[in-house]
file model.txt (compact mmCIF, C-alpha atoms)
# COMPACT_ATOMS: atom_id res chain seq x y z
CA MET A 1 -58.91 113.95 123.47
CA SER A 2 -59.50 113.70 119.78
CA ASP A 3 -62.84 112.43 118.54
CA ALA A 4 -61.20 109.27 117.26
CA LEU A 5 -60.22 108.33 120.80
CA ARG A 6 -63.47 109.27 122.51
CA PRO A 7 -64.77 106.14 124.24
CA MET A 8 -67.61 104.47 122.40
CA THR A 9 -70.95 104.50 124.15
CA GLU A 10 -72.86 101.29 124.60
CA ASN A 11 -75.45 102.56 122.17
CA GLU A 12 -72.86 103.18 119.51
CA LEU A 13 -71.49 99.68 119.88
CA HIS A 14 -74.96 98.18 119.54
CA ALA A 15 -75.71 100.36 116.53
CA TYR A 16 -72.49 99.15 114.95
CA ALA A 17 -73.36 95.51 115.64
CA ASP A 18 -76.78 96.05 114.07
CA GLY A 19 -75.44 97.84 111.02
CA GLN A 20 -77.40 100.94 112.02
CA MET A 21 -74.52 103.34 112.24
CA ALA A 22 -73.91 106.23 109.84
CA ALA A 23 -71.16 105.36 107.36
CA ASP A 24 -68.99 108.21 108.63
CA ASP A 25 -68.92 106.77 112.13
CA VAL A 26 -68.16 103.21 111.13
CA SER A 27 -64.44 103.76 110.65
CA ARG A 28 -64.23 105.47 114.02
CA VAL A 29 -65.80 102.43 115.71
CA GLU A 30 -63.55 100.09 113.82
CA ALA A 31 -60.48 101.99 114.98
CA TRP A 32 -61.78 101.80 118.52
CA LEU A 33 -62.37 98.07 118.29
CA THR A 34 -58.88 97.41 117.04
CA ALA A 35 -57.55 99.09 120.16
CA HIS A 36 -60.16 97.52 122.46
CA PRO A 37 -60.42 93.80 121.82
CA GLU A 38 -62.78 93.32 124.78
CA ASP A 39 -65.40 95.48 123.02
CA ALA A 40 -64.69 93.69 119.75
CA ALA A 41 -65.38 90.40 121.55
CA ARG A 42 -68.70 91.68 122.90
CA ILE A 43 -69.79 92.77 119.47
CA ALA A 44 -68.80 89.39 118.09
CA ALA A 45 -70.94 87.74 120.80
CA TRP A 46 -73.94 89.94 119.92
CA ARG A 47 -73.55 89.09 116.28
CA ILE A 48 -73.53 85.40 117.10
CA GLN A 49 -76.73 86.01 119.08
CA ASN A 50 -78.19 87.83 116.10
CA GLU A 51 -77.38 84.92 113.82
CA ALA A 52 -78.88 82.42 116.24
CA ILE A 53 -82.10 84.41 116.45
CA ARG A 54 -82.32 84.82 112.70
CA ASP A 55 -81.71 81.12 112.15
CA MET A 56 -84.56 80.31 114.48
CA PHE A 57 -87.23 82.62 113.25
CA GLY A 58 -86.16 83.08 109.68
CA PRO A 59 -87.89 79.87 108.59
CA TYR A 60 -91.26 81.23 109.78
CA ALA A 61 -90.97 84.06 107.30
CA LYS A 62 -92.06 81.82 104.46
CA THR A 63 -94.34 82.53 101.59
CA LEU A 64 -97.33 80.22 101.33
CA PRO A 65 -99.44 79.63 98.22
CA GLU A 66 -102.56 80.88 99.98
CA ASP A 67 -101.04 84.24 100.95
CA ALA A 68 -102.63 86.18 98.10
CA ALA A 69 -106.04 84.84 99.09
CA ARG A 70 -105.67 85.99 102.67
CA LEU A 71 -106.69 89.52 101.85
CA LYS A 72 -109.91 88.30 100.32
CA THR A 73 -112.19 87.51 103.20
CA PRO A 74 -115.42 86.42 101.60
CA PRO A 75 -118.18 88.92 102.28
CA ARG A 76 -121.39 87.35 103.50
CA ASN A 77 -123.82 89.99 102.40
CA PRO A 78 -125.11 88.86 98.99
CA LEU A 79 -125.20 92.41 97.64
CA LEU A 80 -121.61 92.97 98.62
CA ALA A 81 -120.56 89.55 97.42
CA ARG A 82 -120.74 90.84 93.90
CA LEU A 83 -118.10 93.48 94.57
CA PRO A 84 -114.50 92.46 94.03
CA LEU A 85 -112.71 92.90 97.33
CA ARG A 86 -109.80 94.89 96.12
CA ALA A 87 -108.26 97.40 98.45
CA PRO A 88 -110.30 100.35 97.11
CA ALA A 89 -113.39 98.20 97.36
CA ALA A 90 -112.57 97.51 100.97
CA VAL A 91 -112.41 101.22 101.61
CA MET A 92 -115.75 101.58 99.89
CA LEU A 93 -117.19 98.80 102.03
CA PHE A 94 -115.92 100.61 105.05
CA ALA A 95 -117.55 103.85 103.93
CA LEU A 96 -120.74 101.99 103.09
CA GLY A 97 -120.65 100.30 106.48
CA THR A 98 -120.27 103.65 108.17
CA ALA A 99 -123.11 105.11 106.14
CA THR A 100 -125.47 102.25 106.90
CA GLY A 101 -124.47 102.00 110.52
CA LEU A 102 -122.97 98.56 110.08
CA ALA A 103 -119.45 97.88 111.18
CA LEU A 104 -117.03 96.65 108.54
CA PRO A 105 -116.27 93.52 110.54
CA SER A 106 -119.90 92.46 110.33
CA LEU A 107 -119.92 92.98 106.60
CA LEU A 108 -116.77 91.02 106.12
CA GLY A 109 -118.13 88.49 108.50
CA SER A 110 -114.77 87.25 109.66
CA PRO A 111 -114.69 86.41 113.35
CA ALA A 112 -111.11 87.67 113.41
CA THR A 113 -112.14 91.16 112.36
CA ALA A 114 -114.79 91.99 114.92
CA THR A 115 -114.32 92.34 118.63
CA PRO A 116 -115.05 88.76 119.56
CA ILE A 117 -118.34 88.04 121.26
CA PHE A 118 -116.60 86.95 124.48
CA GLU A 119 -114.86 90.30 124.76
CA GLN A 120 -118.04 92.22 124.11
CA ALA A 121 -119.67 90.04 126.77
CA SER A 122 -117.01 90.54 129.43
CA ASP A 123 -116.95 94.28 128.72
CA ALA A 124 -120.73 94.48 129.08
CA TYR A 125 -120.55 92.53 132.32
CA ARG A 126 -117.89 94.84 133.71
CA ILE A 127 -119.83 97.96 132.76
CA TYR A 128 -123.35 96.99 133.78
CA ALA A 129 -123.10 94.37 136.52
CA ARG A 130 -121.57 96.86 138.93
CA GLU A 131 -124.35 99.41 138.46
CA VAL A 132 -126.37 99.75 141.61
CA ARG A 133 -129.31 101.91 140.58
CA HIS A 134 -129.40 101.38 136.82
CA PRO A 135 -128.12 97.92 135.98
CA VAL A 136 -130.93 97.37 133.49
CA GLU A 137 -133.30 99.42 131.35
CA VAL A 138 -136.31 97.20 131.88
CA TRP A 139 -136.70 95.39 135.19
CA ALA A 140 -137.77 91.80 135.68
CA GLY A 141 -141.19 93.02 136.83
CA GLU A 142 -141.94 93.68 133.15
CA LYS A 143 -140.42 90.46 131.91
CA ASP A 144 -142.97 89.83 129.16
CA HIS A 145 -142.50 93.32 127.78
CA LEU A 146 -138.71 92.94 128.09
CA VAL A 147 -138.44 89.76 126.03
CA ALA A 148 -140.95 90.97 123.46
CA TRP A 149 -139.11 94.27 123.02
CA LEU A 150 -135.65 92.69 122.78
CA GLY A 151 -136.93 89.98 120.47
CA LYS A 152 -138.38 92.59 118.16
CA ARG A 153 -135.14 94.55 118.07
CA LEU A 154 -133.02 91.46 117.46
CA GLY A 155 -135.38 89.98 114.96
CA GLU A 156 -135.10 86.65 116.78
CA ARG A 157 -137.10 85.05 119.54
CA VAL A 158 -135.58 86.02 122.89
CA VAL A 159 -136.16 84.00 126.01
CA ALA A 160 -135.08 85.08 129.49
CA PRO A 161 -134.09 81.70 130.87
CA ASP A 162 -135.22 80.72 134.34
CA LEU A 163 -132.05 80.17 136.37
CA THR A 164 -133.64 79.77 139.79
CA ALA A 165 -132.41 76.17 139.94
CA SER A 166 -128.86 77.59 139.91
CA GLY A 167 -129.78 80.23 142.48
CA TYR A 168 -130.07 83.18 140.12
CA THR A 169 -133.09 85.34 139.45
CA LEU A 170 -133.65 87.76 136.60
CA VAL A 171 -132.85 91.41 137.35
CA GLY A 172 -133.90 92.67 133.92
CA GLY A 173 -132.31 93.53 130.62
CA ARG A 174 -131.19 96.17 128.20
CA LEU A 175 -130.59 96.76 124.53
CA VAL A 176 -126.86 96.82 123.70
CA PRO A 177 -124.85 96.93 120.49
CA VAL A 178 -123.36 93.57 119.53
CA ASP A 179 -121.20 93.49 116.41
CA GLY A 180 -122.62 96.89 115.51
CA VAL A 181 -126.28 95.87 115.56
CA ALA A 182 -128.95 95.50 118.23
CA GLY A 183 -128.20 92.86 120.83
CA ALA A 184 -129.62 92.05 124.23
CA LEU A 185 -128.11 91.87 127.68
CA LEU A 186 -129.99 90.03 130.38
CA MET A 187 -128.85 90.27 133.98
CA TYR A 188 -129.31 87.83 136.84
CA GLU A 189 -128.30 87.88 140.46
CA ASP A 190 -128.14 85.45 143.35
CA LYS A 191 -129.17 86.05 146.97
CA SER A 192 -125.77 87.49 147.84
CA GLY A 193 -126.06 90.03 145.03
CA LYS A 194 -123.54 88.26 142.78
CA ARG A 195 -124.45 88.96 139.19
CA LEU A 196 -124.29 87.19 135.86
CA THR A 197 -124.98 88.57 132.43
CA LEU A 198 -126.20 86.84 129.31
CA LEU A 199 -125.40 88.60 126.07
CA LEU A 200 -127.29 87.75 122.90
CA GLY A 201 -126.32 88.93 119.47
CA ARG A 202 -127.23 88.07 115.91
CA THR A 203 -124.68 86.15 113.88
CA PRO A 204 -124.43 86.23 110.09
CA LYS A 205 -124.25 82.44 109.87
CA LYS A 206 -126.76 79.99 111.22
CA ASN A 207 -124.04 77.70 112.44
CA GLU A 208 -123.65 75.96 115.73
CA THR A 209 -120.50 75.95 117.83
CA ALA A 210 -119.30 74.19 120.94
CA PHE A 211 -119.25 75.94 124.31
CA GLN A 212 -116.04 77.91 124.60
CA PHE A 213 -114.49 79.62 127.59
CA ALA A 214 -112.60 82.89 127.73
CA SER A 215 -111.18 84.71 130.73
CA SER A 216 -110.69 88.41 131.12
CA GLY A 217 -109.29 89.25 134.52
CA ALA A 218 -111.70 87.86 137.10
CA VAL A 219 -114.53 87.65 134.57
CA GLU A 220 -115.18 84.26 133.02
CA THR A 221 -117.25 84.01 129.88
CA LEU A 222 -118.73 80.96 128.24
CA TYR A 223 -120.02 81.50 124.74
CA TRP A 224 -121.54 79.59 121.90
CA MET A 225 -123.48 80.11 118.70
CA ASP A 226 -126.64 78.42 117.72
CA ASN A 227 -129.14 79.00 114.98
CA GLY A 228 -128.35 82.62 114.12
CA LEU A 229 -127.64 83.87 117.63
CA ALA A 230 -124.46 84.17 119.64
CA TYR A 231 -124.80 83.67 123.38
CA ALA A 232 -122.30 84.58 126.07
CA VAL A 233 -122.72 84.10 129.81
CA SER A 234 -120.29 86.15 131.91
CA GLY A 235 -119.66 86.39 135.61
CA GLU A 236 -117.09 86.29 138.33
CA VAL A 237 -117.83 82.65 139.06
CA SER A 238 -116.04 79.35 138.48
CA ARG A 239 -116.04 77.79 135.04
CA GLN A 240 -117.87 74.83 136.46
CA ALA A 241 -120.70 77.04 137.75
CA LEU A 242 -120.78 78.90 134.45
CA ARG A 243 -120.95 75.65 132.56
CA SER A 244 -124.02 74.43 134.42
CA ILE A 245 -125.71 77.82 133.96
CA ALA A 246 -124.90 77.76 130.26
CA ASP A 247 -126.32 74.24 129.98
CA GLU A 248 -129.50 75.53 131.59
CA CYS A 249 -129.69 78.50 129.20
CA TYR A 250 -128.97 76.33 126.19
CA ARG A 251 -131.74 73.91 127.14
CA GLN A 252 -134.26 76.71 127.55
CA PHE A 253 -133.31 78.38 124.29
CA GLN A 254 -134.12 75.27 122.31
CA PRO A 255 -137.44 75.67 120.48
CA ALA A 256 -140.18 73.80 122.27
CA MET B 1 -100.16 100.99 98.57
CA SER B 2 -101.17 97.98 96.58
CA ARG B 3 -102.53 94.66 97.71
CA GLU B 4 -99.47 92.98 96.20
CA GLN B 5 -97.18 94.97 98.46
CA VAL B 6 -99.14 93.81 101.49
CA VAL B 7 -99.09 90.19 100.28
CA GLU B 8 -95.31 90.37 99.87
CA LEU B 9 -94.99 91.30 103.52
CA ILE B 10 -97.07 88.39 104.82
CA PRO B 11 -93.94 86.25 105.47
CA ALA B 12 -92.44 89.02 107.63
CA LEU B 13 -95.74 89.35 109.49
CA ARG B 14 -95.81 85.61 109.99
CA ALA B 15 -92.36 85.62 111.61
CA PHE B 16 -93.22 88.55 113.87
CA ALA B 17 -96.48 86.90 114.87
CA ARG B 18 -94.62 83.78 115.93
CA ILE B 19 -92.56 85.80 118.38
CA LEU B 20 -95.61 87.47 119.83
CA CYS B 21 -97.69 84.30 119.85
CA PRO B 22 -95.68 81.12 120.30
CA GLN B 23 -98.87 79.14 119.65
CA PRO B 24 -99.07 78.59 115.89
CA GLU B 25 -102.87 78.93 115.71
CA ASN B 26 -102.84 82.23 117.57
CA ALA B 27 -99.99 83.48 115.40
CA ASP B 28 -101.98 82.66 112.31
CA ASP B 29 -105.09 84.40 113.64
CA LEU B 30 -102.96 87.41 114.47
CA VAL B 31 -101.62 87.58 110.90
CA GLN B 32 -105.15 87.39 109.51
CA GLU B 33 -106.52 90.02 111.84
CA THR B 34 -103.62 92.34 111.05
CA LEU B 35 -104.26 91.99 107.31
CA ILE B 36 -107.96 92.71 107.67
CA LYS B 37 -107.32 95.75 109.83
CA ALA B 38 -104.69 97.02 107.42
CA ILE B 39 -107.10 96.77 104.50
CA ALA B 40 -109.86 98.43 106.50
CA ASN B 41 -107.58 101.30 107.47
CA LEU B 42 -105.75 101.83 104.20
CA ASN B 43 -106.70 105.48 104.26
CA GLN B 44 -104.60 105.94 107.40
CA TYR B 45 -101.44 104.67 105.76
CA THR B 46 -99.10 107.50 104.76
CA GLU B 47 -97.61 106.90 101.33
CA GLY B 48 -93.83 107.01 101.41
CA THR B 49 -93.51 105.61 104.92
CA ARG B 50 -92.47 102.02 105.45
CA LEU B 51 -95.40 99.75 104.89
CA LYS B 52 -93.76 96.96 106.87
CA SER B 53 -93.39 99.14 109.96
CA TRP B 54 -96.99 100.26 109.62
CA LEU B 55 -98.18 96.66 109.44
CA PHE B 56 -96.04 95.70 112.44
CA THR B 57 -97.56 98.55 114.41
CA ILE B 58 -101.04 97.24 113.65
CA MET B 59 -99.96 93.73 114.57
CA ARG B 60 -98.40 94.76 117.83
CA ASN B 61 -101.43 96.81 118.86
CA THR B 62 -103.74 93.96 117.94
CA PHE B 63 -101.62 91.57 119.94
CA ASN B 64 -101.63 93.82 122.98
CA THR B 65 -105.36 94.37 123.00
CA ARG B 66 -106.49 90.91 122.08
CA TYR B 67 -103.92 88.15 122.20
CA ARG B 68 -101.66 88.86 125.12
CA LYS B 69 -104.20 87.51 127.60
CA ARG B 70 -104.83 84.42 125.54
CA GLU B 71 -101.15 83.57 125.29
CA ARG B 72 -100.61 84.14 128.99
CA GLU B 73 -103.50 81.92 129.86
CA VAL B 74 -102.00 78.99 128.00
CA ILE B 75 -98.42 79.61 129.02
CA GLY B 76 -99.56 79.79 132.63
CA LEU B 77 -101.09 76.31 132.59
CA PRO B 78 -99.57 73.56 134.72
CA PRO B 79 -96.61 71.73 133.16
CA ASP B 80 -98.53 68.51 132.67
CA SER B 81 -100.97 70.24 130.35
CA THR B 82 -100.65 69.46 126.66
CA ASN B 83 -100.94 73.17 125.95
CA THR B 84 -97.43 73.80 127.21
CA LEU B 85 -96.09 71.74 124.34
CA VAL B 86 -96.73 74.53 121.89
CA THR B 87 -94.25 76.78 123.63
CA GLN B 88 -91.52 74.19 123.28
CA PRO B 89 -88.84 74.74 120.65
CA ASP B 90 -89.26 73.37 117.19
CA GLN B 91 -88.22 69.71 117.01
CA GLU B 92 -86.00 70.26 114.01
CA TRP B 93 -83.84 72.90 115.62
CA SER B 94 -80.30 72.21 116.71
CA ALA B 95 -79.57 71.88 120.41
CA ARG B 96 -78.09 75.38 120.32
CA ALA B 97 -81.15 76.87 118.66
CA LYS B 98 -83.35 75.26 121.32
CA GLU B 99 -81.24 76.82 124.04
CA VAL B 100 -81.41 80.23 122.42
CA TYR B 101 -85.16 79.88 121.94
CA SER B 102 -85.75 78.96 125.57
CA ALA B 103 -83.54 81.81 126.72
CA LEU B 104 -85.35 84.23 124.41
CA MET B 105 -88.72 83.15 125.73
CA ARG B 106 -87.56 83.82 129.29
CA LEU B 107 -86.81 87.46 128.48
CA PRO B 108 -89.39 90.11 129.33
CA ASP B 109 -91.74 90.73 126.39
CA GLN B 110 -90.40 94.20 125.64
CA TYR B 111 -86.85 92.91 125.31
CA ARG B 112 -87.76 90.00 123.07
CA GLU B 113 -89.87 92.21 120.85
CA ILE B 114 -87.08 94.76 120.34
CA LEU B 115 -84.54 92.07 119.51
CA VAL B 116 -86.84 90.58 116.96
CA LEU B 117 -87.77 93.83 115.29
CA ILE B 118 -84.17 94.90 114.95
CA VAL B 119 -82.36 91.63 114.43
CA ILE B 120 -84.81 89.64 112.34
CA GLN B 121 -86.92 92.27 110.72
CA GLY B 122 -84.13 94.76 110.20
CA GLU B 123 -86.16 97.68 111.51
CA SER B 124 -84.26 100.86 112.25
CA TYR B 125 -84.16 102.01 115.87
CA GLU B 126 -86.46 104.86 114.88
CA ASP B 127 -89.06 102.61 113.27
CA ALA B 128 -88.86 100.18 116.18
CA ALA B 129 -89.62 103.10 118.49
CA VAL B 130 -92.73 103.96 116.47
CA ILE B 131 -93.87 100.34 116.38
CA CYS B 132 -93.39 99.91 120.12
CA ASP B 133 -94.75 103.34 120.93
CA CYS B 134 -91.68 104.40 122.90
CA ALA B 135 -88.71 106.73 122.60
CA VAL B 136 -85.66 105.84 120.50
CA GLY B 137 -83.58 106.01 123.68
CA THR B 138 -85.87 103.36 125.19
CA VAL B 139 -85.34 101.13 122.17
CA LYS B 140 -81.60 101.41 122.64
CA SER B 141 -81.66 100.71 126.34
CA ARG B 142 -84.02 97.75 125.90
CA LEU B 143 -81.81 96.33 123.19
CA ASN B 144 -78.78 96.75 125.38
CA ARG B 145 -80.46 95.00 128.32
CA ALA B 146 -81.98 92.33 126.10
CA ARG B 147 -78.57 91.29 124.80
CA GLN B 148 -77.07 91.31 128.24
CA ARG B 149 -79.92 89.24 129.64
CA LEU B 150 -79.75 86.82 126.77
CA ARG B 151 -76.07 86.22 127.35
CA GLU B 152 -76.74 85.69 131.04
CA GLU B 153 -79.57 83.30 130.30
CA LEU B 154 -77.26 81.36 128.02
CA GLY B 155 -74.63 81.20 130.75
CA GLU B 156 -72.14 83.30 128.82
CA ALA B 157 -69.71 85.44 130.76
CA VAL B 158 -70.90 89.01 130.86
CA GLU B 159 -68.50 91.55 132.16
CA ASP B 160 -70.34 94.75 131.30
call {"tool": "encode", "arguments": {"input": "model.txt", "output": "structure tokens"}}
result
Amino acid sequence: MSDALRPMTENELHAYADGQMAADDVSRVEAWLTAHPEDAARIAAWRIQNEAIRDMFGPYAKTLPEDAARLKTPPRNPLLARLPLRAPAAVMLFALGTATGLALPSLLGSPATATPIFEQASDAYRIYAREVRHPVEVWAGEKDHLVAWLGKRLGERVVAPDLTASGYTLVGGRLVPVDGVAGALLMYEDKSGKRLTLLLGRTPKKNETAFQFASSGAVETLYWMDNGLAYAVSGEVSRQALRSIADECYRQFQPA
Amino acid sequence: MSREQVVELIPALRAFARILCPQPENADDLVQETLIKAIANLNQYTEGTRLKSWLFTIMRNTFNTRYRKREREVIGLPPDSTNTLVTQPDQEWSARAKEVYSALMRLPDQYREILVLIVIQGESYEDAAVICDCAVGTVKSRLNRARQRLREELGEAVED
């Protein structure tokens, strides 16, 4: 059988339909299609599909006036604010961030750039809540020392809320990285041993947000920001239960 | 690579994001996050390779690590929820386009993604393989199955 008559493989037909075939092979396919109208009809159907898909999504590929500005995420650090955020400057920021131990996302300050607080919270829950012997660095027996130490490291007042009304008691806490700087993780458990974690991290802005939920597998997280700190309560509990616990935390975090 | 080159590719990123994230807000966040990551990792871009494919790779990885769960969560909500509205076809589309959209959204993610990369974005099979972190043969077989499934979903006779 000469090469010209060798049956076309499925892949070759698709490549032809997509215009991804080497020029030399195109005439061979075309000869085949003339002799095999059923294959020609399939290719025609794929091309109609292609057109339909392009017609649908093509309009999304539009240029918007703000596109050029999208690469310029305003830096929040006043020192860095003076630098123009051109691409080389971004590399420099990255290098500077590495040198100073700060993550680039924190410097750029865009919530889209960093691992979001709810993900850091659910990860911390998954890692530490299952620990049997070492769930915390400092146990609840030294609560005063724990909150003083964490508060000093965060540079913000830290309170370990009393959640006994919801059935949870403090296990203790540990220092954890949050957005590349010192954060705090407090752990609670109920009588059955079910645990909750409360992650606290500093935020560049002193803004206040609503309570927001995020799920990651079985772990539910409720997070919010208030007055320079981000808070995230995580646990394998219902959103309703989490909500009432978060309300309790929020109330106790308010300055007296 | 210059900033201008990246800006020129924002429309392509926007279209790809809409396939990955049918919710417009998530798609927009995904575009933004991809741009920021690209700028932060400029030093990892190899001059001479296709910038668009590189950006798509970043977008796809970002989607897989961050957004997939979010999208699922909303898509999985009960039908009476207002959130399901965002996965409905665009009001301005023709009846045919709406059918194709619905059929496309019923395809497994890997099939839809391959169709979009090749058909809309004009990626080569080789670049699509790099973007999707799979073999070229896998790209071809997914494309083949995607087209077959799409025709089935649209109620077209499929004899192969």
call {"tool": "closest_residue", "arguments": {"input": "model.txt", "among": "A:Arg28, A:Arg6, A:Arg42, A:Lys62", "to": "chain B", "atoms": "all atoms listed in the file"}}
result
A:Lys62
call {"tool": "closest_residue", "arguments": {"input": "model.txt", "among": "B:Arg145, B:Ser124, B:Leu55, B:Asn26", "to": "chain A", "atoms": "all atoms listed in the file"}}
result
B:Ser124
call {"tool": "residues_around", "arguments": {"input": "model.txt", "residues": "A:Arg251", "least_positions_apart": "2", "cutoff": "12 Å", "atoms": "only C-alpha atoms", "output": "ChimeraX atom specification"}}
result
/A:159-163,226,244-249,253-256
call {"tool": "interface_residues", "arguments": {"input": "model.txt", "of": "chain B", "to": "chain A", "cutoff": "6 Å", "atoms": "all atoms listed in the file", "output": "compact mmCIF listing (two decimals) with C-alpha atoms, in the frame of the given file"}}
result
# COMPACT_ATOMS: atom_id res chain seq x y z
CA VAL B 7 -99.09 90.19 100.28
CA PRO B 11 -93.94 86.25 105.47
CA ALA B 12 -92.44 89.02 107.63
CA ARG B 14 -95.81 85.61 109.99
CA ALA B 15 -92.36 85.62 111.61
CA GLU B 33 -106.52 90.02 111.84
CA VAL B 119 -82.36 91.63 114.43
CA ILE B 120 -84.81 89.64 112.34
call {"tool": "atom_distance", "arguments": {"input": "model.txt", "atom1": "atom CA of A:Met8", "atom2": "atom CA of B:Asn144"}}
result
13.9 Å
call {"tool": "residues_around", "arguments": {"input": "model.txt", "residues": "A:Gly193", "least_positions_apart": "6", "cutoff": "12 Å", "atoms": "all atoms listed in the file", "output": "PyMOL selection string"}}
result
chain A and resi 129-132+167-171+187+235-236
call {"tool": "atom_distance", "arguments": {"input": "model.txt", "atom1": "atom CA of B:Arg60", "atom2": "atom CA of B:Leu104"}}
result
18.0 Å
call {"tool": "decode", "arguments": {"input": "model.txt", "residues": "stretch 18-35 of chain B", "atoms": "N, CA and C atoms", "output": "mmCIF file, in the first residue's frame"}}
result
data_model
loop_
_atom_site.group_PDB
_atom_site.id
_atom_site.type_symbol
_atom_site.label_atom_id
_atom_site.label_comp_id
_atom_site.auth_asym_id
_atom_site.auth_seq_id
_atom_site.Cartn_x
_atom_site.Cartn_y
_atom_site.Cartn_z
ATOM 1 N N ARG B 18 -12.354 32.463 31.811
ATOM 2 C CA ARG B 18 -13.804 32.252 31.804
ATOM 3 C C ARG B 18 -14.185 30.792 31.599
ATOM 4 N N ILE B 19 -13.301 30.051 30.950
ATOM 5 C CA ILE B 19 -13.571 28.622 30.784
ATOM 6 C C ILE B 19 -13.317 27.916 32.101
ATOM 7 N N LEU B 20 -12.232 28.298 32.745
ATOM 8 C CA LEU B 20 -11.886 27.635 34.001
ATOM 9 C C LEU B 20 -12.869 28.032 35.090
ATOM 10 N N CYS B 21 -13.216 29.303 35.138
ATOM 11 C CA CYS B 21 -14.114 29.822 36.171
ATOM 12 C C CYS B 21 -15.343 30.433 35.507
ATOM 13 N N PRO B 22 -16.425 29.710 35.404
ATOM 14 C CA PRO B 22 -17.613 30.312 34.804
ATOM 15 C C PRO B 22 -18.126 31.529 35.577
ATOM 16 N N GLN B 23 -17.774 31.647 36.850
ATOM 17 C CA GLN B 23 -18.228 32.824 37.591
ATOM 18 C C GLN B 23 -17.346 34.013 37.232
ATOM 19 N N PRO B 24 -17.939 35.091 36.735
ATOM 20 C CA PRO B 24 -17.138 36.223 36.263
ATOM 21 C C PRO B 24 -16.185 36.788 37.319
ATOM 22 N N GLU B 25 -16.614 36.852 38.579
ATOM 23 C CA GLU B 25 -15.746 37.458 39.604
ATOM 24 C C GLU B 25 -14.519 36.581 39.833
ATOM 25 N N ASN B 26 -14.751 35.260 39.880
ATOM 26 C CA ASN B 26 -13.625 34.355 40.070
ATOM 27 C C ASN B 26 -12.681 34.420 38.886
ATOM 28 N N ALA B 27 -13.246 34.526 37.688
ATOM 29 C CA ALA B 27 -12.416 34.591 36.481
ATOM 30 C C ALA B 27 -11.534 35.838 36.549
ATOM 31 N N ASP B 28 -12.103 36.918 37.000
ATOM 32 C CA ASP B 28 -11.347 38.159 37.068
ATOM 33 C C ASP B 28 -10.236 38.073 38.125
ATOM 34 N N ASP B 29 -10.563 37.465 39.252
ATOM 35 C CA ASP B 29 -9.537 37.265 40.289
ATOM 36 C C ASP B 29 -8.408 36.386 39.748
ATOM 37 N N LEU B 30 -8.807 35.381 38.985
ATOM 38 C CA LEU B 30 -7.809 34.453 38.448
ATOM 39 C C LEU B 30 -6.861 35.169 37.478
ATOM 40 N N VAL B 31 -7.412 36.058 36.669
ATOM 41 C CA VAL B 31 -6.570 36.839 35.745
ATOM 42 C C VAL B 31 -5.577 37.672 36.560
ATOM 43 N N GLN B 32 -6.095 38.340 37.577
ATOM 44 C CA GLN B 32 -5.239 39.222 38.376
ATOM 45 C C GLN B 32 -4.127 38.440 39.068
ATOM 46 N N GLU B 33 -4.503 37.312 39.633
ATOM 47 C CA GLU B 33 -3.512 36.522 40.357
ATOM 48 C C GLU B 33 -2.446 35.976 39.403
ATOM 49 N N THR B 34 -2.882 35.605 38.218
ATOM 50 C CA THR B 34 -1.936 35.103 37.212
ATOM 51 C C THR B 34 -0.937 36.198 36.834
ATOM 52 N N LEU B 35 -1.439 37.414 36.655
ATOM 53 C CA LEU B 35 -0.555 38.528 36.272
ATOM 54 C C LEU B 35 0.470 38.800 37.363
#
